[in-house]
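Reproduced below: upload-v7.csv, with CSV, N, CA, C and O atoms.
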```csv
chain,number,residue,atom,x,y,z
I,1,MET,N,-10.7,9.7,-18.7
I,1,MET,CA,-9.3,10.1,-18.3
I,1,MET,C,-8.4,8.9,-18.3
I,1,MET,O,-8.8,7.8,-17.7
I,2,SER,N,-7.3,9.0,-18.8
I,2,SER,CA,-6.3,7.9,-18.9
I,2,SER,C,-5.8,7.5,-17.5
I,2,SER,O,-5.6,8.4,-16.7
I,3,HIS,N,-5.5,6.3,-17.3
I,3,HIS,CA,-4.9,5.9,-16.1
I,3,HIS,C,-3.5,6.5,-15.8
I,3,HIS,O,-3.1,6.7,-14.7
I,4,THR,N,-2.8,6.8,-16.9
I,4,THR,CA,-1.5,7.4,-16.7
I,4,THR,C,-1.6,8.9,-16.3
I,4,THR,O,-0.8,9.4,-15.6
I,5,ILE,N,-2.7,9.5,-16.6
I,5,ILE,CA,-3.0,10.9,-16.2
I,5,ILE,C,-3.4,10.9,-14.7
I,5,ILE,O,-2.9,11.7,-13.9
I,6,ARG,N,-4.3,9.9,-14.4
I,6,ARG,CA,-4.7,9.8,-12.9
I,6,ARG,C,-3.5,9.5,-12.0
I,6,ARG,O,-3.5,10.0,-10.9
I,7,GLN,N,-2.6,8.7,-12.5
I,7,GLN,CA,-1.4,8.3,-11.7
I,7,GLN,C,-0.2,9.2,-12.0
I,7,GLN,O,0.9,8.8,-11.6
I,8,GLN,N,-0.3,10.3,-12.7
I,8,GLN,CA,0.8,11.0,-13.3
I,8,GLN,C,1.8,11.4,-12.2
I,8,GLN,O,3.0,11.2,-12.4
I,9,ALA,N,1.4,11.9,-11.1
I,9,ALA,CA,2.4,12.4,-10.1
I,9,ALA,C,3.2,11.2,-9.5
I,9,ALA,O,4.4,11.3,-9.4
I,10,LYS,N,2.5,10.1,-9.3
I,10,LYS,CA,3.2,8.9,-8.8
I,10,LYS,C,4.2,8.4,-9.8
I,10,LYS,O,5.3,8.0,-9.5
I,11,LEU,N,3.7,8.3,-11.1
I,11,LEU,CA,4.6,7.7,-12.1
I,11,LEU,C,5.8,8.7,-12.4
I,11,LEU,O,6.9,8.2,-12.5
I,12,LEU,N,5.6,10.0,-12.4
I,12,LEU,CA,6.7,10.9,-12.6
I,12,LEU,C,7.7,10.8,-11.5
I,12,LEU,O,8.9,11.0,-11.7
I,13,SER,N,7.2,10.7,-10.3
I,13,SER,CA,8.1,10.5,-9.1
I,13,SER,C,9.0,9.3,-9.3
I,13,SER,O,10.2,9.4,-9.1
I,14,ARG,N,8.5,8.2,-9.8
I,14,ARG,CA,9.3,7.0,-10.0
I,14,ARG,C,10.3,7.2,-11.1
I,14,ARG,O,11.4,6.8,-11.0
I,15,VAL,N,9.9,7.9,-12.2
I,15,VAL,CA,10.8,8.2,-13.3
I,15,VAL,C,11.9,9.1,-12.8
I,15,VAL,O,13.1,8.9,-13.2
I,16,ARG,N,11.6,10.1,-12.0
I,16,ARG,CA,12.6,11.0,-11.5
I,16,ARG,C,13.6,10.2,-10.6
I,16,ARG,O,14.8,10.5,-10.6
I,17,ARG,N,13.1,9.3,-9.8
I,17,ARG,CA,14.1,8.5,-9.0
I,17,ARG,C,15.0,7.6,-9.9
I,17,ARG,O,16.2,7.5,-9.7
I,18,LEU,N,14.4,7.1,-11.0
I,18,LEU,CA,15.2,6.3,-12.0
I,18,LEU,C,16.3,7.2,-12.6
I,18,LEU,O,17.4,6.8,-12.8
I,19,LYS,N,15.9,8.4,-12.9
I,19,LYS,CA,16.8,9.4,-13.5
I,19,LYS,C,18.0,9.7,-12.5
I,19,LYS,O,19.1,9.7,-12.9
I,20,GLY,N,17.6,9.8,-11.3
I,20,GLY,CA,18.6,10.1,-10.2
I,20,GLY,C,19.6,8.9,-10.1
I,20,GLY,O,20.8,9.0,-9.9
I,21,GLN,N,19.0,7.7,-10.2
I,21,GLN,CA,19.8,6.5,-10.1
I,21,GLN,C,20.8,6.4,-11.3
I,21,GLN,O,22.0,6.0,-11.2
I,22,MET,N,20.3,6.8,-12.5
I,22,MET,CA,21.2,6.7,-13.7
I,22,MET,C,22.3,7.8,-13.5
I,22,MET,O,23.5,7.5,-13.9
I,23,GLU,N,22.0,8.9,-13.0
I,23,GLU,CA,23.0,9.9,-12.7
I,23,GLU,C,24.0,9.4,-11.7
I,23,GLU,O,25.2,9.7,-11.8
I,24,ALA,N,23.6,8.6,-10.7
I,24,ALA,CA,24.5,8.0,-9.8
I,24,ALA,C,25.5,7.1,-10.5
I,24,ALA,O,26.7,7.0,-10.1
I,25,VAL,N,25.0,6.3,-11.5
I,25,VAL,CA,25.9,5.4,-12.2
I,25,VAL,C,26.9,6.3,-13.0
I,25,VAL,O,28.1,6.0,-13.0
I,26,GLU,N,26.4,7.3,-13.6
I,26,GLU,CA,27.3,8.2,-14.3
I,26,GLU,C,28.4,8.8,-13.4
I,26,GLU,O,29.6,8.7,-13.8
I,27,ARG,N,28.0,9.2,-12.3
I,27,ARG,CA,29.0,9.8,-11.3
I,27,ARG,C,30.0,8.7,-10.9
I,27,ARG,O,31.2,8.9,-10.7
I,28,ALA,N,29.5,7.5,-10.6
I,28,ALA,CA,30.3,6.4,-10.2
I,28,ALA,C,31.4,6.0,-11.3
I,28,ALA,O,32.5,5.7,-11.0
I,29,LEU,N,30.9,6.0,-12.5
I,29,LEU,CA,31.9,5.7,-13.6
I,29,LEU,C,32.9,6.8,-13.7
I,29,LEU,O,34.1,6.5,-13.9
I,30,GLU,N,32.5,8.1,-13.6
I,30,GLU,CA,33.4,9.2,-13.7
I,30,GLU,C,34.4,9.1,-12.6
I,30,GLU,O,35.6,9.5,-12.8
I,31,ALA,N,34.0,8.7,-11.4
I,31,ALA,CA,34.9,8.6,-10.2
I,31,ALA,C,35.7,7.3,-10.2
I,31,ALA,O,36.4,7.1,-9.2
I,32,GLU,N,35.5,6.5,-11.2
I,32,GLU,CA,36.2,5.2,-11.3
I,32,GLU,C,36.0,4.3,-10.1
I,32,GLU,O,36.9,3.7,-9.5
I,33,ARG,N,34.7,4.3,-9.7
I,33,ARG,CA,34.3,3.4,-8.5
I,33,ARG,C,34.4,2.0,-8.9
I,33,ARG,O,34.5,1.6,-10.1
I,34,PRO,N,34.5,1.1,-7.9
I,34,PRO,CA,34.7,-0.3,-8.2
I,34,PRO,C,33.5,-0.9,-9.0
I,34,PRO,O,32.4,-0.4,-8.8
I,35,CYS,N,33.8,-1.9,-9.8
I,35,CYS,CA,32.7,-2.4,-10.7
I,35,CYS,C,31.6,-3.0,-9.9
I,35,CYS,O,30.5,-3.0,-10.3
I,36,GLY,N,31.9,-3.6,-8.7
I,36,GLY,CA,30.9,-4.2,-7.9
I,36,GLY,C,29.9,-3.2,-7.5
I,36,GLY,O,28.6,-3.4,-7.4
I,37,GLU,N,30.3,-2.0,-7.1
I,37,GLU,CA,29.5,-0.9,-6.8
I,37,GLU,C,28.6,-0.4,-7.9
I,37,GLU,O,27.4,-0.2,-7.8
I,38,ILE,N,29.2,-0.4,-9.1
I,38,ILE,CA,28.4,0.0,-10.3
I,38,ILE,C,27.4,-1.0,-10.6
I,38,ILE,O,26.2,-0.7,-11.0
I,39,LEU,N,27.8,-2.3,-10.5
I,39,LEU,CA,26.8,-3.4,-10.8
I,39,LEU,C,25.6,-3.3,-9.8
I,39,LEU,O,24.5,-3.6,-10.2
I,40,GLN,N,25.9,-3.0,-8.6
I,40,GLN,CA,24.8,-2.9,-7.6
I,40,GLN,C,23.9,-1.7,-8.0
I,40,GLN,O,22.6,-1.8,-7.9
I,41,LEU,N,24.4,-0.6,-8.4
I,41,LEU,CA,23.6,0.5,-8.9
I,41,LEU,C,22.7,0.1,-10.0
I,41,LEU,O,21.5,0.4,-10.1
I,42,LEU,N,23.3,-0.6,-11.0
I,42,LEU,CA,22.6,-1.0,-12.2
I,42,LEU,C,21.5,-2.0,-11.8
I,42,LEU,O,20.4,-2.0,-12.4
I,43,ALA,N,21.8,-2.9,-10.9
I,43,ALA,CA,20.7,-3.9,-10.4
I,43,ALA,C,19.6,-3.1,-9.8
I,43,ALA,O,18.4,-3.5,-10.0
I,44,SER,N,19.9,-2.1,-9.0
I,44,SER,CA,18.8,-1.3,-8.4
I,44,SER,C,17.9,-0.6,-9.5
I,44,SER,O,16.7,-0.5,-9.4
I,45,ILE,N,18.6,-0.1,-10.5
I,45,ILE,CA,17.9,0.6,-11.6
I,45,ILE,C,17.0,-0.4,-12.3
I,45,ILE,O,15.8,-0.1,-12.6
I,46,ARG,N,17.5,-1.6,-12.6
I,46,ARG,CA,16.7,-2.6,-13.3
I,46,ARG,C,15.5,-3.0,-12.4
I,46,ARG,O,14.3,-3.1,-12.9
I,47,GLY,N,15.6,-3.1,-11.1
I,47,GLY,CA,14.5,-3.4,-10.3
I,47,GLY,C,13.5,-2.3,-10.3
I,47,GLY,O,12.3,-2.6,-10.3
I,48,ALA,N,13.9,-1.1,-10.2
I,48,ALA,CA,13.0,0.1,-10.2
I,48,ALA,C,12.3,0.2,-11.5
I,48,ALA,O,11.1,0.5,-11.6
I,49,LEU,N,13.0,-0.1,-12.6
I,49,LEU,CA,12.3,0.0,-14.0
I,49,LEU,C,11.3,-1.1,-14.1
I,49,LEU,O,10.2,-0.9,-14.7
I,50,THR,N,11.7,-2.3,-13.6
I,50,THR,CA,10.7,-3.4,-13.7
I,50,THR,C,9.5,-3.1,-12.9
I,50,THR,O,8.4,-3.4,-13.3
I,51,GLY,N,9.6,-2.5,-11.7
I,51,GLY,CA,8.5,-2.2,-10.9
I,51,GLY,C,7.6,-1.1,-11.6
I,51,GLY,O,6.4,-1.3,-11.6
I,52,LEU,N,8.2,-0.1,-12.2
I,52,LEU,CA,7.5,0.9,-12.9
I,52,LEU,C,6.7,0.2,-14.1
I,52,LEU,O,5.5,0.5,-14.3
I,53,THR,N,7.4,-0.6,-14.9
I,53,THR,CA,6.8,-1.3,-16.0
I,53,THR,C,5.6,-2.1,-15.5
I,53,THR,O,4.5,-2.1,-16.1
I,54,GLY,N,5.8,-2.8,-14.5
I,54,GLY,CA,4.7,-3.7,-13.9
I,54,GLY,C,3.5,-2.9,-13.5
I,54,GLY,O,2.3,-3.3,-13.8
I,55,GLU,N,3.7,-1.7,-12.9
I,55,GLU,CA,2.6,-0.9,-12.5
I,55,GLU,C,1.8,-0.3,-13.7
I,55,GLU,O,0.6,-0.4,-13.7
I,56,VAL,N,2.5,0.2,-14.7
I,56,VAL,CA,1.9,0.7,-15.9
I,56,VAL,C,1.1,-0.4,-16.6
I,56,VAL,O,0.0,-0.3,-17.0
I,57,LEU,N,1.8,-1.6,-16.7
I,57,LEU,CA,1.1,-2.7,-17.3
I,57,LEU,C,-0.1,-3.2,-16.6
I,57,LEU,O,-1.2,-3.4,-17.2
I,58,GLU,N,-0.1,-3.3,-15.3
I,58,GLU,CA,-1.2,-3.6,-14.5
I,58,GLU,C,-2.4,-2.7,-14.7
I,58,GLU,O,-3.5,-3.1,-14.9
I,59,ASP,N,-2.1,-1.4,-14.6
I,59,ASP,CA,-3.1,-0.4,-14.9
I,59,ASP,C,-3.7,-0.5,-16.3
I,59,ASP,O,-4.9,-0.3,-16.5
I,60,HIS,N,-2.8,-0.7,-17.2
I,60,HIS,CA,-3.3,-0.9,-18.6
I,60,HIS,C,-4.2,-2.1,-18.8
I,60,HIS,O,-5.3,-2.0,-19.4
I,61,LEU,N,-3.9,-3.2,-18.1
I,61,LEU,CA,-4.7,-4.4,-18.1
I,61,LEU,C,-6.1,-4.1,-17.6
I,61,LEU,O,-7.2,-4.4,-18.1
I,62,HIS,N,-6.1,-3.4,-16.4
I,62,HIS,CA,-7.4,-3.1,-15.8
I,62,HIS,C,-8.2,-2.1,-16.6
I,62,HIS,O,-9.4,-2.3,-16.8
I,63,GLU,N,-7.6,-1.0,-17.1
I,63,GLU,CA,-8.3,0.0,-17.8
I,63,GLU,C,-8.7,-0.4,-19.2
I,63,GLU,O,-9.9,-0.1,-19.5
I,64,HIS,N,-7.9,-1.0,-19.9
I,64,HIS,CA,-8.1,-1.2,-21.3
I,64,HIS,C,-8.6,-2.6,-21.7
I,64,HIS,O,-9.0,-2.9,-22.8
I,65,ILE,N,-8.5,-3.6,-20.8
I,65,ILE,CA,-8.9,-4.9,-21.1
I,65,ILE,C,-10.1,-5.3,-20.2
I,65,ILE,O,-11.2,-5.6,-20.6
I,66,LEU,N,-9.9,-5.3,-18.9
I,66,LEU,CA,-10.9,-5.6,-17.9
I,66,LEU,C,-12.1,-4.7,-18.0
I,66,LEU,O,-13.3,-5.2,-18.0
I,67,HIS,N,-11.9,-3.4,-18.1
I,67,HIS,CA,-13.0,-2.4,-18.2
I,67,HIS,C,-13.1,-1.7,-19.6
I,67,HIS,O,-13.5,-0.6,-19.6
I,68,ALA,N,-12.7,-2.5,-20.6
I,68,ALA,CA,-12.8,-1.9,-22.0
I,68,ALA,C,-14.2,-1.5,-22.3
I,68,ALA,O,-15.2,-2.1,-21.9
I,69,GLU,N,-14.3,-0.4,-23.0
I,69,GLU,CA,-15.6,0.1,-23.4
I,69,GLU,C,-16.2,-0.7,-24.6
I,69,GLU,O,-17.4,-0.6,-24.9
I,70,SER,N,-15.3,-1.3,-25.4
I,70,SER,CA,-15.8,-2.1,-26.5
I,70,SER,C,-14.9,-3.3,-26.7
I,70,SER,O,-13.7,-3.3,-26.3
I,71,GLU,N,-15.4,-4.3,-27.5
I,71,GLU,CA,-14.6,-5.4,-27.9
I,71,GLU,C,-13.4,-5.0,-28.7
I,71,GLU,O,-12.3,-5.5,-28.6
I,72,GLU,N,-13.6,-4.0,-29.6
I,72,GLU,CA,-12.5,-3.5,-30.4
I,72,GLU,C,-11.4,-2.9,-29.6
I,72,GLU,O,-10.2,-3.1,-29.8
I,73,GLY,N,-11.8,-2.1,-28.6
I,73,GLY,CA,-10.8,-1.5,-27.7
I,73,GLY,C,-10.1,-2.6,-26.9
I,73,GLY,O,-8.8,-2.4,-26.7
I,74,ARG,N,-10.7,-3.6,-26.5
I,74,ARG,CA,-10.1,-4.7,-25.8
I,74,ARG,C,-9.1,-5.4,-26.7
I,74,ARG,O,-7.9,-5.7,-26.3
I,75,ARG,N,-9.5,-5.7,-28.0
I,75,ARG,CA,-8.5,-6.3,-28.9
I,75,ARG,C,-7.3,-5.4,-29.2
I,75,ARG,O,-6.2,-5.9,-29.2
I,76,GLN,N,-7.5,-4.1,-29.3
I,76,GLN,CA,-6.4,-3.2,-29.5
I,76,GLN,C,-5.5,-3.2,-28.3
I,76,GLN,O,-4.2,-3.2,-28.5
I,77,ALA,N,-6.0,-3.2,-27.1
I,77,ALA,CA,-5.2,-3.2,-25.9
I,77,ALA,C,-4.4,-4.5,-25.8
I,77,ALA,O,-3.2,-4.5,-25.5
I,78,VAL,N,-5.0,-5.6,-26.2
I,78,VAL,CA,-4.2,-6.9,-26.2
I,78,VAL,C,-3.1,-6.9,-27.2
I,78,VAL,O,-2.0,-7.3,-27.0
I,79,ASP,N,-3.4,-6.3,-28.4
I,79,ASP,CA,-2.3,-6.2,-29.4
I,79,ASP,C,-1.2,-5.3,-28.9
I,79,ASP,O,0.0,-5.7,-29.2
I,80,GLU,N,-1.5,-4.2,-28.3
I,80,GLU,CA,-0.5,-3.4,-27.7
I,80,GLU,C,0.4,-4.1,-26.7
I,80,GLU,O,1.6,-4.0,-26.8
I,81,ILE,N,-0.2,-4.8,-25.8
I,81,ILE,CA,0.5,-5.6,-24.8
I,81,ILE,C,1.4,-6.7,-25.5
I,81,ILE,O,2.6,-6.8,-25.1
I,82,ALA,N,0.8,-7.3,-26.5
I,82,ALA,CA,1.6,-8.4,-27.2
I,82,ALA,C,2.8,-7.8,-27.8
I,82,ALA,O,3.9,-8.3,-27.8
I,83,ASP,N,2.7,-6.6,-28.5
I,83,ASP,CA,3.8,-6.0,-29.1
I,83,ASP,C,4.9,-5.6,-28.1
I,83,ASP,O,6.1,-5.7,-28.3
I,84,VAL,N,4.4,-5.0,-27.0
I,84,VAL,CA,5.4,-4.6,-25.9
I,84,VAL,C,6.1,-5.8,-25.4
I,84,VAL,O,7.3,-5.8,-25.1
I,85,LEU,N,5.4,-6.9,-25.1
I,85,LEU,CA,6.0,-8.1,-24.5
I,85,LEU,C,7.0,-8.7,-25.5
I,85,LEU,O,8.1,-9.2,-25.1
I,86,LYS,N,6.8,-8.7,-26.8
I,86,LYS,CA,7.7,-9.2,-27.8
I,86,LYS,C,9.0,-8.4,-27.7
I,86,LYS,O,10.1,-8.9,-27.7
I,87,THR,N,8.9,-7.1,-27.6
I,87,THR,CA,10.1,-6.2,-27.4
I,87,THR,C,10.8,-6.5,-26.1
I,87,THR,O,12.0,-6.6,-26.0
I,88,TYR,N,10.0,-6.5,-25.0
I,88,TYR,CA,10.5,-6.7,-23.7
I,88,TYR,C,11.3,-8.0,-23.5
I,88,TYR,O,12.3,-8.1,-22.8
I,89,LEU,N,10.8,-9.1,-24.1
I,89,LEU,CA,11.4,-10.4,-24.0
I,89,LEU,C,12.6,-10.7,-24.9
I,89,LEU,O,13.2,-11.7,-24.8
I,90,ARG,N,12.9,-9.8,-25.8
I,90,ARG,CA,14.0,-10.0,-26.7
I,90,ARG,C,15.3,-9.9,-25.9
I,90,ARG,O,15.6,-9.3,-25.0
```

Please lay out the structure from this file as structure tokens.
Amino acid sequence: MSHTIRQQAKLLSRVRRLKGQMEAVERALEAERPCGEILQLLASIRGALTGLTGEVLEDHLHEHILHAESEEGRRQAVDEIADVLKTYLR
């Protein structure tokens, strides 16, 4: 069983909170709220997304690298993380 399936309820809850935060930004823009308020909302979203990313990444490291069933599986997981990090750090 995949770690994302075991943690599905918790991860989906975090995603739904992020969705709600994005909707709050949309409402703030439509209501022409001050830019400082909008920036604060965006900073909160970034923090929440970073936390979610970190959680999935940590689980991925444990599941697919630390406890890999084979050396090939471990290599594939490392390659996946390397590709994601390249995109993330751009």

Which parts of chain I does DSSP call alpha helix (DSSP H) when run on the backbone here, written out as a PyMOL selection string?
chain I and resi 3-6+8-30+35-60+71-88

Using only C-alpha atoms, determine which residues lie at most 12 Å from stretch 5-7 of chain I, disregarding the query and same-chain residues fewer than 6 positions distant; provide the list as a PyMOL selection string.
chain I and resi 13-14+52+55-56+59-60+63

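When atom CA of I:Ile81 is paired with atom CA of I:Met22, their separation reads 26.5 Å.
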
At a cut-off of 12 Å, using only C-alpha atoms, what residues contact I:Leu39? Leave out same-chain residues fewer than 4 positions from it and give the result as JSON, numbers by chain.
{"I": [22, 24, 25, 28, 29, 33, 34, 35, 43, 44, 45, 46]}

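If you look at atom CA of I:Glu71 and atom CA of I:Tyr88, they are 25.5 Å away from each other.
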
Please indicate the distance in Å from atom N of I:Glu26 to atom O of I:Thr87, rounded to one decimal place.
23.5 Å

Can stretch 25-36 of chain I be brought up to all heavy atoms and written out as an mmCIF file, in the coordinates of the input?
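Generated file (selection-v7.cif):
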```
data_model
loop_
_atom_site.group_PDB
_atom_site.id
_atom_site.type_symbol
_atom_site.label_atom_id
_atom_site.label_comp_id
_atom_site.auth_asym_id
_atom_site.auth_seq_id
_atom_site.Cartn_x
_atom_site.Cartn_y
_atom_site.Cartn_z
ATOM 1 N N VAL I 25 25.000 6.300 -11.500
ATOM 2 C CA VAL I 25 25.900 5.400 -12.200
ATOM 3 C C VAL I 25 26.900 6.300 -13.000
ATOM 4 O O VAL I 25 28.100 6.000 -13.000
ATOM 5 C CB VAL I 25 25.078 4.549 -13.201
ATOM 6 C CG1 VAL I 25 26.000 3.798 -14.158
ATOM 7 C CG2 VAL I 25 24.204 3.572 -12.427
ATOM 8 N N GLU I 26 26.400 7.300 -13.600
ATOM 9 C CA GLU I 26 27.300 8.200 -14.300
ATOM 10 C C GLU I 26 28.400 8.800 -13.400
ATOM 11 O O GLU I 26 29.600 8.700 -13.800
ATOM 12 C CB GLU I 26 26.544 9.364 -14.979
ATOM 13 C CG GLU I 26 27.396 10.306 -15.809
ATOM 14 C CD GLU I 26 26.572 11.425 -16.437
ATOM 15 O OE1 GLU I 26 25.465 11.711 -15.959
ATOM 16 O OE2 GLU I 26 27.079 12.013 -17.409
ATOM 17 N N ARG I 27 28.000 9.200 -12.300
ATOM 18 C CA ARG I 27 29.000 9.800 -11.300
ATOM 19 C C ARG I 27 30.000 8.700 -10.900
ATOM 20 O O ARG I 27 31.200 8.900 -10.700
ATOM 21 C CB ARG I 27 28.343 10.388 -10.095
ATOM 22 C CG ARG I 27 27.641 11.704 -10.387
ATOM 23 C CD ARG I 27 27.156 12.407 -9.119
ATOM 24 N NE ARG I 27 26.252 11.601 -8.315
ATOM 25 C CZ ARG I 27 24.934 11.532 -8.468
ATOM 26 N NH1 ARG I 27 24.343 12.237 -9.417
ATOM 27 N NH2 ARG I 27 24.193 10.767 -7.679
ATOM 28 N N ALA I 28 29.500 7.500 -10.600
ATOM 29 C CA ALA I 28 30.300 6.400 -10.200
ATOM 30 C C ALA I 28 31.400 6.000 -11.300
ATOM 31 O O ALA I 28 32.500 5.700 -11.000
ATOM 32 C CB ALA I 28 29.481 5.158 -9.821
ATOM 33 N N LEU I 29 30.900 6.000 -12.500
ATOM 34 C CA LEU I 29 31.900 5.700 -13.600
ATOM 35 C C LEU I 29 32.900 6.800 -13.700
ATOM 36 O O LEU I 29 34.100 6.500 -13.900
ATOM 37 C CB LEU I 29 31.088 5.556 -14.917
ATOM 38 C CG LEU I 29 30.250 4.282 -15.041
ATOM 39 C CD1 LEU I 29 29.323 4.376 -16.254
ATOM 40 C CD2 LEU I 29 31.138 3.056 -15.131
ATOM 41 N N GLU I 30 32.500 8.100 -13.600
ATOM 42 C CA GLU I 30 33.400 9.200 -13.700
ATOM 43 C C GLU I 30 34.400 9.100 -12.600
ATOM 44 O O GLU I 30 35.600 9.500 -12.800
ATOM 45 C CB GLU I 30 32.684 10.491 -13.735
ATOM 46 C CG GLU I 30 31.928 10.743 -15.020
ATOM 47 C CD GLU I 30 31.038 11.974 -14.976
ATOM 48 O OE1 GLU I 30 30.748 12.503 -13.881
ATOM 49 O OE2 GLU I 30 30.619 12.402 -16.059
ATOM 50 N N ALA I 31 34.000 8.700 -11.400
ATOM 51 C CA ALA I 31 34.900 8.600 -10.200
ATOM 52 C C ALA I 31 35.700 7.300 -10.200
ATOM 53 O O ALA I 31 36.400 7.100 -9.200
ATOM 54 C CB ALA I 31 34.022 8.759 -8.975
ATOM 55 N N GLU I 32 35.500 6.500 -11.200
ATOM 56 C CA GLU I 32 36.200 5.200 -11.300
ATOM 57 C C GLU I 32 36.000 4.300 -10.100
ATOM 58 O O GLU I 32 36.900 3.700 -9.500
ATOM 59 C CB GLU I 32 37.693 5.430 -11.567
ATOM 60 C CG GLU I 32 37.943 6.179 -12.861
ATOM 61 C CD GLU I 32 39.417 6.457 -13.120
ATOM 62 O OE1 GLU I 32 40.278 5.960 -12.378
ATOM 63 O OE2 GLU I 32 39.683 7.194 -14.082
ATOM 64 N N ARG I 33 34.700 4.300 -9.700
ATOM 65 C CA ARG I 33 34.300 3.400 -8.500
ATOM 66 C C ARG I 33 34.400 2.000 -8.900
ATOM 67 O O ARG I 33 34.500 1.600 -10.100
ATOM 68 C CB ARG I 33 32.841 3.733 -8.122
ATOM 69 C CG ARG I 33 32.557 5.185 -7.756
ATOM 70 C CD ARG I 33 33.304 5.672 -6.545
ATOM 71 N NE ARG I 33 33.053 4.797 -5.405
ATOM 72 C CZ ARG I 33 33.833 4.697 -4.340
ATOM 73 N NH1 ARG I 33 34.922 5.422 -4.253
ATOM 74 N NH2 ARG I 33 33.533 3.881 -3.367
ATOM 75 N N PRO I 34 34.500 1.100 -7.900
ATOM 76 C CA PRO I 34 34.700 -0.300 -8.200
ATOM 77 C C PRO I 34 33.500 -0.900 -9.000
ATOM 78 O O PRO I 34 32.400 -0.400 -8.800
ATOM 79 C CB PRO I 34 34.744 -0.978 -6.820
ATOM 80 C CG PRO I 34 35.106 0.125 -5.887
ATOM 81 C CD PRO I 34 34.574 1.385 -6.490
ATOM 82 N N CYS I 35 33.800 -1.900 -9.800
ATOM 83 C CA CYS I 35 32.700 -2.400 -10.700
ATOM 84 C C CYS I 35 31.600 -3.000 -9.900
ATOM 85 O O CYS I 35 30.500 -3.000 -10.300
ATOM 86 C CB CYS I 35 33.308 -3.414 -11.715
ATOM 87 S SG CYS I 35 34.165 -4.806 -10.987
ATOM 88 N N GLY I 36 31.900 -3.600 -8.700
ATOM 89 C CA GLY I 36 30.900 -4.200 -7.900
ATOM 90 C C GLY I 36 29.900 -3.200 -7.500
ATOM 91 O O GLY I 36 28.600 -3.400 -7.400
#
```
